[in-house]
2 protein chains.
Amino acid sequence: MSAEKCLLCPKPKTNYGAPEKLITNGFISPTFPTPLLDLLPAKNGEEPTMQFLLEVVDILTNYVKKTFDRSTKVLDFHHPHQLLEGIEGFNLELSDQPESLEQILVDCRDTLKYGVRTGHPRFFNQLSSGLDIIGLAGEWLTSTANTNMFTYEIAPVFVLMEQLTLKKMREMIGWPNGEGDGLFSPGGAISNMYSVMIARYKYFPEVKTKGMSAAPRLVLFTSEHSHYSIKKAGAALGFGTDNVILLSTDERGRVIPADLEAKILDAKQKGYVPLFVNATAGSTVYGAFDPINEIADICEKYNLWLHVDGAWGGGLLMSRKHRHKLNGIERANSVTWNPHKMMGVPLQCSAILVREKGILAGCNSMCAGYLFQPDKQYDVTYDTGDKAIQCGRHVDIFKFWLMWKAKVSRVDRRVHTCWLKKTEKHLQANKNLHGFPQHTNVCFWYIPPSLRGMPDGDERREKLHRVAPKIKAMMMESGTTMVGYQPQGNKVNFFRMVVSNPSVTQSDIDFLIDEIERLAHDL
Amino acid sequence: MSAEKCLLCPKPKTNYGAPEKLITNGFISPTFPTPLLDLLPAKNGEEPTMQFLLEVVDILTNYVKKTFDRSTKVLDFHHPHQLLEGIEGFNLELSDQPESLEQILVDCRDTLKYGVRTGHPRFFNQLSSGLDIIGLAGEWLTSTANTNMFTYEIAPVFVLMEQLTLKKMREMIGWPNGEGDGLFSPGGAISNMYSVMIARYKYFPEVKTKGMSAAPRLVLFTSEHSHYSIKKAGAALGFGTDNVILLSTDERGRVIPADLEAKILDAKQKGYVPLFVNATAGSTVYGAFDPINEIADICEKYNLWLHVDGAWGGGLLMSRKHRHKLNGIERANSVTWNPHKMMGVPLQCSAILVREKGILAGCNSMCAGYLFQPDKQYDVTYDTGDKAIQCGRHVDIFKFWLMWKAKVSRVDRRVHTCWLKKTEKHLQANKNLHGFPQHTNVCFWYIPPSLRGMPDGDERREKLHRVAPKIKAMMMESGTTMVGYQPQGNKVNFFRMVVSNPSVTQSDIDFLIDEIERLAHDL
């Protein structure tokens with residue numbers, strides 16, 4: 001039975017498609033014949049492999065060009081059922097029949113065609129955007145190296161790069177000599193989860209072995225505007241979301257320190273034990289920076305763990321002009337910082353940084369001798385796997401290291417200092433836009449013709465709440481630009497435009513505003 | 001101050017290096033001049049960008065060729081301090097001076113040079129190995145698309161691919177009509193963590209809001225040979241490692257069902273509440289398969305959640321010949337299955353699959369309206385973000401989907417049916433090798449000349465314990481092949497050779513054995 005044939009046995013010649021058909025769109029030479037033979041590790045597989053990979057690269061580099069081309073759309077929207085039915089032969093279903101290599105290339109093209117160009121200068125939808133060429137090269141190399149961060153043994157260079165980069169990041173935070181610990185994790189939510197775990201381990205180490213019953217009722221504090229991952233961590237780690245106390249914010253979305261202190265006292269009075277405070281440096285919607293120094297004072301007073309969630313705003317530590325927004329971060333016990341956001345590193349790239357050395361290992365290590373052998377010939381303190389809650393860990397460091405090497409002094413430029421003023425001016429000049437810009441997040445309502453002059457009240461609020469979703473739906477269909485919207489607290493749906501892509505120019509922002517006006521003229 | 005210059009302002013011309021120097025090793029044409037100008041998004045950046053990316057691809061494709069070339073080394077070992085000091089100008093340190101593009105290319109070459117070729121046919125060190133060309137192409141495309149799995153809005157194609165692929169995987173598990181739920185997660189440890197979280201939510205949903213104090217003392221069961229991530233999950237999620245009960249195994253590393261039942265009864269007698277049983281399908285060291293059906297009987301009898309950790313062995317579900325080893329898996333409540341192991345998908349690619357629909361969302365959703373708007377124009381049930389403990393989630397599906405499209409019927413071949421017999425024969429024929437082969441893991445001791453004939457006892461055990469580390473150290477220095485070792489239970493250090501790379505032939509296995517004998521002749 002051929003399907004059961006073993007690899008070690010002589011291999012039957014495999015044919016990926018009709019031999020007379022040639023792939024003719026090679027960028028090396030359109031006339032270079034590519035027989036559709038087996039790829040490596042097949043015998044004589046080198047040439048077809050190189051040809052195939054170069055065909056793929058041709059597709060990818062064309063996509064890269066188009067990403068930066070403002071005359072292309074950001075997306076070609078289709079509903080799920082349309083894509084599932086198959087559009088122009090693009091069949092997402094998995095069948096039991098292997099496809100030809102030629103069809104695989106068509107699949108690659110179609111996948112990109114029906115996707116969203118997150119690197120397009122008119123994509124304002126997410127905190128992560130842009131397509132950094134050096135970062136992209138780094139990610140291509142990472143996937144070619146295809147290794148794993150858990151030991152020095154199989155990732156010597158990447159493990160050292162991670163160590164050196166984390167040290168630099170800790171220096172930027174301001175911890176003495178960059179001392180401390182850290183890891184790259186699969187994203188900000190996991191990094192934040194680490195911070196809660198470590199805080200618990202610091203104050204109640206016996207929870208590791210005995211479980212939460214070994215601790216009193218522990219309480220976590222975070223802004224009502226903070227990322228939901230703190231609540232998720234509370235649920236996952238066994239605290240319960242009821243024990244994640246949300247802090248009130250001022251009109252710009254910043255935690256009110258007095259509210260923190262009042263809620264700490266309230267919790268203590270109820271017999272609960274305050275453990276952990278998260279200060280957000282760059283909130284998801286408003287881009288708000290909590291006053292870290294004032295929060296740190298309170299944490300010191302009550303002996304609480306201070307975590308700074310700088311997933312979004314951490315990049316400002318690289319900016320001499322803007323880093324003051326994170327003043328006090330050096331007093332934090334732990335910091336989340338996602339280079340895949342403000343710093344434009346390709347996804348995923350998130351770091352959890354910890355001031356106290358050794359606590360990450362103390363919290364997470366299980367000393368699994370079958371995975372991490374202590375009797376190796378090299379210094380096994382470089383084996384980081386046991387510090388993580390993961391075992392295998394993707395190499396997220398290389399692209400970041402490479403970008404740092406290439407342009408650290410240019411990272412500053414990612415922080416758009418004048419577009420904010422210009423957009424504020426735009427908002428002021430346009431009486432139909434009402435906004436509250438902050439950081440590189442600009443939040444605003446578009447007031448459509450039918451609501452202009454309508455007195456404020458429930459009816460107007462309900463109508464205004466439906467405006468952004470309607471505009472967004474039309475925007476997706478037209479595919480010319482993308483911006484997010486959401487409600488927040490008592491505010492009805494509003495747009496959040498965010499810039500983290502250095503390709504964005506003032507004219508792109510103008511385009512977005514014009515496009516909103518164009519789409520909404522009948523609302 | 002130029003470093004503070006905003007991107008929206010007219011951009012100064014940036015020079016990545018000395019203009020008179022050319023990159024001359026382009027594979028398109030060695031004489032094609034590449035001025036070291038700005039990359040995209042710079043004006044006129046298209047040409048230098050394409051040139052730069054093609055230079056990178058040249059480096060990568062050369063690496064790919066060498067990976068499959070048995071005349072190259074698996075690694076060029078250096079100690080951490082040597083790499084940190086800088087070898088032949090390879091400087092890992094991050095400075096504040098940006099490097100030229102030319103230097104960036106040199107860094108890429110050096111990074112690969114001092115790394116480990118995990119795709120080399122003589123790399124037997126890890127459960128994840130090999131370099132699949134289709135998978136590699138998929139990963140290059142993924143990083144070029146650079147998007148995020150949390151909403152259909154920004155990853156329409158990938159979200160649907162994930163949905164369809166998870167359904168296929170559930171069909172292979174044997175759940176009726178492939179119904180159920182699932183997610184790709186950053187690795188097997190996180191997938192296993194999900195399973196524990198969901199089990200807890202199923203039986204004690206109020207833990208989500210109230211914390212572990214809302215539940216009695218809960219107990220988890222897993223094999224003494226299981227992956228340490230179950231224990232890590234126990235620690236992280238607030239159960240405590242004391243409440244992770246390790247089950248005894250037979251001589252081949254398989255859980256003894258009677259021991260499970262005895263330990264369940266023991267826990268109940270103590271007033272604890274058994275919650276969850278993990279059955280391992282393919283253990284890390286021995287490759288053992290726990291008897292799922294017998295364990296499922298016990299789980300049904302005592303109403304416990306049954307998870308199958310098929311991170312390693314799950315791939316056998318694709319094999320008509322070998323899937324019987326996972327008989328009973330259709331009775332599991334959840335399954336971990338890492339296509340990045342036996343199926344050769346590039347790292348990272350791990351799935352958590354759940355039989356009950358809706359429970360993943362029930363367990364993890366926080367209904368953050370600011371992230372997941374219910375009033376979008378498309379069917380928002382496709383927005384998967386709130387089911388995850390992550391927020392942003394890397395696109396791990398595309399490479400797997402593409403590989404499935406290209407060669408699903410060939411996946412079977414990854415399961416080496418005769419090498420095992422051949423290696424057993426090898427072990428039998430060679431009186432200096434003593435092993436216990438199982439699955440594609442082969443575990444064995446090499447008995448060096450000085451220990452042959454020595455009677456069994458503490459002295460021999462201690463000496464034998466030091467043999468594998470010594471051989472491994474010499475093997476790393478020589479760089480010709482790589483295999484792991486570890487102790488397990490009362491067994492002193494032994495080698496674990498593992499095959500998951502379809503490039504491996506019988507001669508590579510012979511090479512490994514010969515190399516061990518060559519290196520160890522003086523021991």
# chains A, B, ... in the order shown; residues from 1 in each chain; ligands from 1
$ select_by_dssp --residues "segment 106-290 of chain B" --states "alpha helix (DSSP H)" --output "ChimeraX atom specification"
/B:106-113,133-145,156-173,188-203,207-210,229-236,257-269
$ residues_around --residues "Asn91 of chain A" --least-positions-apart "5" --cutoff "12 Å" --atoms "only C-alpha atoms" --output "mmCIF file with C-alpha atoms, in the first residue's frame"
data_model
loop_
_atom_site.group_PDB
_atom_site.id
_atom_site.type_symbol
_atom_site.label_atom_id
_atom_site.label_comp_id
_atom_site.auth_asym_id
_atom_site.auth_seq_id
_atom_site.Cartn_x
_atom_site.Cartn_y
_atom_site.Cartn_z
ATOM 1 C CA GLN A 82 -18.710 34.099 0.206
ATOM 2 C CA LEU A 83 -15.130 33.066 0.879
ATOM 3 C CA LEU A 84 -16.317 29.658 2.074
ATOM 4 C CA GLU A 85 -18.287 29.146 -1.118
ATOM 5 C CA GLY A 86 -15.123 29.839 -3.084
ATOM 6 C CA GLU A 99 -2.602 19.755 -5.189
ATOM 7 C CA GLN A 103 -1.956 25.259 -7.601
ATOM 8 C CA ILE A 104 -0.068 25.844 -4.352
ATOM 9 C CA VAL A 106 -2.170 30.071 -6.942
ATOM 10 C CA ASP A 107 -3.339 29.445 -3.367
ATOM 11 C CA CYS A 108 -0.578 31.716 -2.102
ATOM 12 C CA ASP A 110 -5.308 34.112 -3.549
ATOM 13 C CA THR A 111 -4.568 34.081 0.158
ATOM 14 C CA TYR A 114 -8.411 38.218 -0.162
ATOM 15 C CA VAL B 157 -8.786 34.098 4.980
ATOM 16 C CA LEU B 160 -11.571 30.563 7.839
ATOM 17 C CA MET B 161 -8.571 28.333 7.175
ATOM 18 C CA LEU B 164 -11.818 24.445 8.377
ATOM 19 C CA TRP B 401 -3.165 24.524 5.606
ATOM 20 C CA LEU B 402 -0.800 24.841 2.656
ATOM 21 C CA LYS B 405 -3.287 21.074 0.489
#
$ atom_distance --atom1 "atom CA of Leu246 of chain A" --atom2 "atom CA of Phe221 of chain A"
6.0 Å
$ residues_around --residues "Asp379 of chain B" --least-positions-apart "3" --cutoff "12 Å" --atoms "only C-alpha atoms" --output "list in words"
His78, His79, Pro80, His81 and Gln82 of chain A; Thr151, Tyr152, Glu153, Pro156, Phe372, Gln373, Pro374, Asp375, Lys376, Tyr382, Asp383 and Thr384 of chain B
$ write_last_selection --atoms "N, CA and C atoms" --output "compact mmCIF listing (two decimals), in the first residue's frame"
# COMPACT_ATOMS: atom_id res chain seq x y z
N HIS A 78 -15.02 40.38 1.56
CA HIS A 78 -16.05 39.38 1.30
C HIS A 78 -16.55 38.83 2.61
N HIS A 79 -17.80 38.49 2.63
CA HIS A 79 -18.37 37.88 3.83
C HIS A 79 -17.84 36.46 3.98
N PRO A 80 -17.85 35.94 5.21
CA PRO A 80 -17.37 34.58 5.43
C PRO A 80 -18.02 33.57 4.48
N HIS A 81 -19.33 33.65 4.32
CA HIS A 81 -19.99 32.64 3.48
C HIS A 81 -19.53 32.75 2.03
N GLN A 82 -19.19 33.95 1.59
CA GLN A 82 -18.71 34.10 0.21
C GLN A 82 -17.35 33.43 0.03
N THR B 151 -9.62 38.83 14.81
CA THR B 151 -10.92 39.08 14.18
C THR B 151 -10.90 38.67 12.71
N TYR B 152 -12.09 38.33 12.23
CA TYR B 152 -12.28 38.06 10.81
C TYR B 152 -11.94 39.30 10.00
N GLU B 153 -12.23 40.44 10.57
CA GLU B 153 -12.02 41.73 9.91
C GLU B 153 -10.61 41.89 9.35
N PRO B 156 -9.42 37.62 7.36
CA PRO B 156 -10.57 36.82 6.91
C PRO B 156 -10.18 35.43 6.40
N PHE B 372 -14.09 43.63 20.49
CA PHE B 372 -14.90 42.76 19.63
C PHE B 372 -16.30 43.36 19.55
N GLN B 373 -16.51 44.16 18.51
CA GLN B 373 -17.77 44.87 18.38
C GLN B 373 -18.85 43.93 17.85
N PRO B 374 -19.97 43.85 18.56
CA PRO B 374 -21.03 42.95 18.10
C PRO B 374 -21.81 43.52 16.92
N ASP B 375 -21.66 44.81 16.63
CA ASP B 375 -22.50 45.45 15.62
C ASP B 375 -21.78 45.64 14.29
N LYS B 376 -20.92 44.66 13.94
CA LYS B 376 -20.26 44.74 12.63
C LYS B 376 -21.16 44.19 11.53
N TYR B 382 -17.36 34.66 13.71
CA TYR B 382 -16.03 34.32 13.17
C TYR B 382 -14.89 35.04 13.89
N ASP B 383 -15.22 35.99 14.74
CA ASP B 383 -14.17 36.67 15.53
C ASP B 383 -13.80 35.78 16.71
N THR B 384 -12.62 35.20 16.64
CA THR B 384 -12.28 34.17 17.63
C THR B 384 -11.51 34.71 18.83
$ closest_residue --among "B:Gly240, B:Gly188, B:Pro274, B:Gly180" --to "chain A" --atoms "only C-alpha atoms"
B:Gly240
$ closest_atom_pairs --of "segment 325-398 of chain A" --to "segment 434-453 of chain A" --cutoff "12 Å" --atoms "only C-alpha atoms" --output "Markdown table"
| residue | atom | partner | partner_atom | distance |
| --- | --- | --- | --- | --- |
| A:Lys325 | CA | A:His439 | CA | 9.6 |
| A:Lys341 | CA | A:Thr440 | CA | 11.6 |
| A:Met342 | CA | A:Thr440 | CA | 9.3 |
$ residues_around --residues "segment 199-214 of chain A" --least-positions-apart "3" --cutoff "7 Å" --atoms "only C-alpha atoms" --output "PyMOL selection string"
(chain A and resi 195-196+238+276+305+363) or (chain B and resi 212-213+235+238-242)
$ write_last_selection --atoms "all heavy atoms" --output "short mmCIF file (atom, residue, chain, number, x, y, z; two decimals), in the first residue's frame"
data_model
loop_
_atom_site.label_atom_id
_atom_site.label_comp_id
_atom_site.auth_asym_id
_atom_site.auth_seq_id
_atom_site.Cartn_x
_atom_site.Cartn_y
_atom_site.Cartn_z
N SER A 195 3.11 38.59 34.65
CA SER A 195 3.33 39.56 35.73
C SER A 195 2.48 39.19 36.95
O SER A 195 2.95 39.29 38.09
CB SER A 195 3.03 40.98 35.26
OG SER A 195 1.63 41.19 35.09
N VAL A 196 1.25 38.77 36.72
CA VAL A 196 0.38 38.40 37.84
C VAL A 196 0.91 37.14 38.53
O VAL A 196 0.95 37.05 39.77
CB VAL A 196 -1.08 38.20 37.36
CG1 VAL A 196 -1.97 37.78 38.51
CG2 VAL A 196 -1.61 39.48 36.71
N GLY A 238 -6.88 31.74 38.68
CA GLY A 238 -7.62 31.30 39.86
C GLY A 238 -7.92 32.39 40.88
O GLY A 238 -8.31 32.08 42.01
N PHE A 276 -1.48 43.40 43.75
CA PHE A 276 -0.91 43.74 42.45
C PHE A 276 -1.65 44.93 41.86
O PHE A 276 -2.88 45.00 41.91
CB PHE A 276 -1.11 42.50 41.57
CG PHE A 276 -0.86 42.66 40.10
CD1 PHE A 276 0.34 42.24 39.54
CD2 PHE A 276 -1.84 43.18 39.25
CE1 PHE A 276 0.56 42.33 38.17
CE2 PHE A 276 -1.62 43.28 37.88
CZ PHE A 276 -0.42 42.85 37.34
N TRP A 305 2.81 44.81 44.44
CA TRP A 305 3.55 44.62 43.18
C TRP A 305 3.06 45.63 42.16
O TRP A 305 1.85 45.77 41.96
CB TRP A 305 3.31 43.20 42.66
CG TRP A 305 4.11 42.85 41.44
CD1 TRP A 305 3.81 43.14 40.14
CD2 TRP A 305 5.35 42.12 41.39
NE1 TRP A 305 4.77 42.65 39.30
CE2 TRP A 305 5.72 42.01 40.04
CE3 TRP A 305 6.16 41.55 42.37
CZ2 TRP A 305 6.88 41.34 39.64
CZ3 TRP A 305 7.31 40.89 41.96
CH2 TRP A 305 7.67 40.79 40.62
N CYS A 363 9.30 31.02 39.97
CA CYS A 363 7.85 30.89 39.77
C CYS A 363 7.51 29.72 38.86
O CYS A 363 6.56 29.00 39.12
CB CYS A 363 7.34 32.21 39.18
SG CYS A 363 5.59 32.22 38.80
N MET B 212 -10.45 30.33 42.84
CA MET B 212 -10.37 28.93 43.26
C MET B 212 -11.07 28.68 44.60
O MET B 212 -11.37 27.53 44.93
CB MET B 212 -8.91 28.49 43.36
CG MET B 212 -8.24 28.28 42.02
SD MET B 212 -8.96 26.93 41.05
CE MET B 212 -7.93 25.55 41.60
N SER B 213 -11.32 29.74 45.35
CA SER B 213 -12.00 29.54 46.64
C SER B 213 -13.44 29.08 46.43
O SER B 213 -14.08 28.57 47.36
CB SER B 213 -11.96 30.83 47.46
OG SER B 213 -12.66 31.84 46.78
N ALA B 235 0.45 24.64 38.56
CA ALA B 235 1.03 25.74 39.34
C ALA B 235 0.44 27.08 38.91
O ALA B 235 0.01 27.89 39.73
CB ALA B 235 2.55 25.76 39.15
N GLY B 238 -3.43 27.90 39.71
CA GLY B 238 -3.84 27.99 41.10
C GLY B 238 -4.27 26.68 41.74
O GLY B 238 -4.87 26.69 42.81
N PHE B 239 -3.99 25.55 41.09
CA PHE B 239 -4.27 24.25 41.71
C PHE B 239 -3.15 23.88 42.69
O PHE B 239 -3.41 23.30 43.73
CB PHE B 239 -4.35 23.14 40.64
CG PHE B 239 -5.51 23.25 39.70
CD1 PHE B 239 -5.46 24.10 38.59
CD2 PHE B 239 -6.66 22.50 39.90
CE1 PHE B 239 -6.54 24.19 37.72
CE2 PHE B 239 -7.74 22.58 39.03
CZ PHE B 239 -7.68 23.44 37.94
N GLY B 240 -1.92 24.21 42.28
CA GLY B 240 -0.75 23.79 43.06
C GLY B 240 -0.23 22.46 42.57
O GLY B 240 -1.01 21.55 42.27
N THR B 241 1.08 22.37 42.48
CA THR B 241 1.67 21.13 41.93
C THR B 241 1.41 19.91 42.84
O THR B 241 1.40 18.79 42.37
CB THR B 241 3.19 21.29 41.72
OG1 THR B 241 3.77 21.76 42.95
CG2 THR B 241 3.50 22.26 40.62
N ASP B 242 1.17 20.16 44.14
CA ASP B 242 0.85 19.02 45.03
C ASP B 242 -0.45 18.34 44.59
O ASP B 242 -0.67 17.18 44.93
CB ASP B 242 0.66 19.51 46.48
CG ASP B 242 1.98 19.91 47.12
OD1 ASP B 242 3.03 19.69 46.49
OD2 ASP B 242 1.94 20.44 48.24
#
$ residues_around --residues "Pro339 of chain B" --least-positions-apart "5" --cutoff "9 Å" --atoms "only C-alpha atoms" --output "MDAnalysis selection string"
chainID B and resid 311:312 314:315 344:351 400
$ closest_residue --among "A:Trp404, A:Tyr272, A:Phe184, A:Phe511" --to "chain B" --atoms "only C-alpha atoms"
A:Trp404
$ closest_residue --among "B:Val483, B:Leu39, B:Val492, B:Ile264" --to "chain A" --atoms "only C-alpha atoms"
B:Leu39
$ atom_distance --atom1 "atom CA of Ala368 of chain A" --atom2 "atom CA of His227 of chain B"
8.9 Å
$ atom_distance --atom1 "atom CA of Thr165 of chain B" --atom2 "atom CA of Ser95 of chain A"
10.5 Å
$ residues_around --residues "Lys232 of chain A" --least-positions-apart "2" --cutoff "10 Å" --atoms "only C-alpha atoms" --output "NGL selection string"
(:A and (189-190 or 192-193 or 227-230 or 234-237 or 239-241 or 244)) or (:B and (208 or 363-366 or 386 or 388-391))
$ decode --residues "segment 297-324 of chain B" --atoms "N, CA and C atoms" --output "compact mmCIF listing (two decimals), in the first residue's frame"
# COMPACT_ATOMS: atom_id res chain seq x y z
N ASP B 297 -12.69 4.81 30.28
CA ASP B 297 -13.67 4.07 31.11
C ASP B 297 -13.68 4.61 32.54
N ILE B 298 -12.49 4.81 33.05
CA ILE B 298 -12.38 5.29 34.44
C ILE B 298 -12.89 6.72 34.55
N CYS B 299 -12.58 7.53 33.56
CA CYS B 299 -13.05 8.92 33.58
C CYS B 299 -14.58 8.96 33.55
N GLU B 300 -15.16 8.08 32.73
CA GLU B 300 -16.63 8.06 32.68
C GLU B 300 -17.21 7.60 34.00
N LYS B 301 -16.59 6.59 34.57
CA LYS B 301 -17.08 6.05 35.84
C LYS B 301 -17.09 7.12 36.94
N TYR B 302 -16.04 7.95 36.95
CA TYR B 302 -15.92 8.94 38.03
C TYR B 302 -16.24 10.36 37.57
N ASN B 303 -16.76 10.47 36.35
CA ASN B 303 -17.18 11.77 35.81
C ASN B 303 -16.03 12.79 35.80
N LEU B 304 -14.93 12.40 35.20
CA LEU B 304 -13.77 13.30 35.11
C LEU B 304 -13.55 13.76 33.67
N TRP B 305 -12.94 14.89 33.54
CA TRP B 305 -12.55 15.41 32.23
C TRP B 305 -11.38 14.59 31.70
N LEU B 306 -11.49 14.15 30.47
CA LEU B 306 -10.36 13.42 29.86
C LEU B 306 -9.71 14.27 28.78
N HIS B 307 -8.44 14.56 29.02
CA HIS B 307 -7.65 15.28 28.01
C HIS B 307 -6.63 14.31 27.43
N VAL B 308 -6.43 14.37 26.13
CA VAL B 308 -5.35 13.58 25.52
C VAL B 308 -4.27 14.55 25.04
N ASP B 309 -3.09 14.44 25.62
CA ASP B 309 -1.97 15.24 25.14
C ASP B 309 -1.30 14.48 23.99
N GLY B 310 -1.76 14.82 22.79
CA GLY B 310 -1.18 14.21 21.59
C GLY B 310 -0.25 15.18 20.89
N ALA B 311 0.39 16.05 21.67
CA ALA B 311 1.31 17.02 21.07
C ALA B 311 2.28 16.30 20.13
N TRP B 312 2.83 15.22 20.61
CA TRP B 312 3.81 14.47 19.82
C TRP B 312 3.13 13.39 18.98
N GLY B 313 2.25 12.61 19.57
CA GLY B 313 1.70 11.46 18.86
C GLY B 313 0.48 11.75 18.01
N GLY B 314 -0.08 12.95 18.14
CA GLY B 314 -1.30 13.27 17.41
C GLY B 314 -1.19 13.05 15.91
N GLY B 315 0.01 13.27 15.40
CA GLY B 315 0.21 13.11 13.96
C GLY B 315 -0.15 11.72 13.46
N LEU B 316 -0.10 10.73 14.35
CA LEU B 316 -0.43 9.36 13.93
C LEU B 316 -1.90 9.21 13.55
N LEU B 317 -2.73 10.19 13.93
CA LEU B 317 -4.13 10.14 13.51
C LEU B 317 -4.25 10.22 11.98
N MET B 318 -3.21 10.71 11.34
CA MET B 318 -3.21 10.80 9.88
C MET B 318 -2.80 9.47 9.24
N SER B 319 -2.36 8.53 10.04
CA SER B 319 -1.83 7.28 9.50
C SER B 319 -2.83 6.15 9.70
N ARG B 320 -3.26 5.56 8.59
CA ARG B 320 -4.21 4.45 8.71
C ARG B 320 -3.59 3.31 9.50
N LYS B 321 -2.29 3.15 9.34
CA LYS B 321 -1.63 2.01 9.96
C LYS B 321 -1.40 2.19 11.47
N HIS B 322 -1.15 3.43 11.88
CA HIS B 322 -0.72 3.64 13.26
C HIS B 322 -1.76 4.29 14.16
N ARG B 323 -2.89 4.73 13.58
CA ARG B 323 -3.80 5.50 14.40
C ARG B 323 -4.43 4.67 15.52
N HIS B 324 -4.34 3.36 15.39
CA HIS B 324 -4.89 2.52 16.45
C HIS B 324 -4.22 2.78 17.80
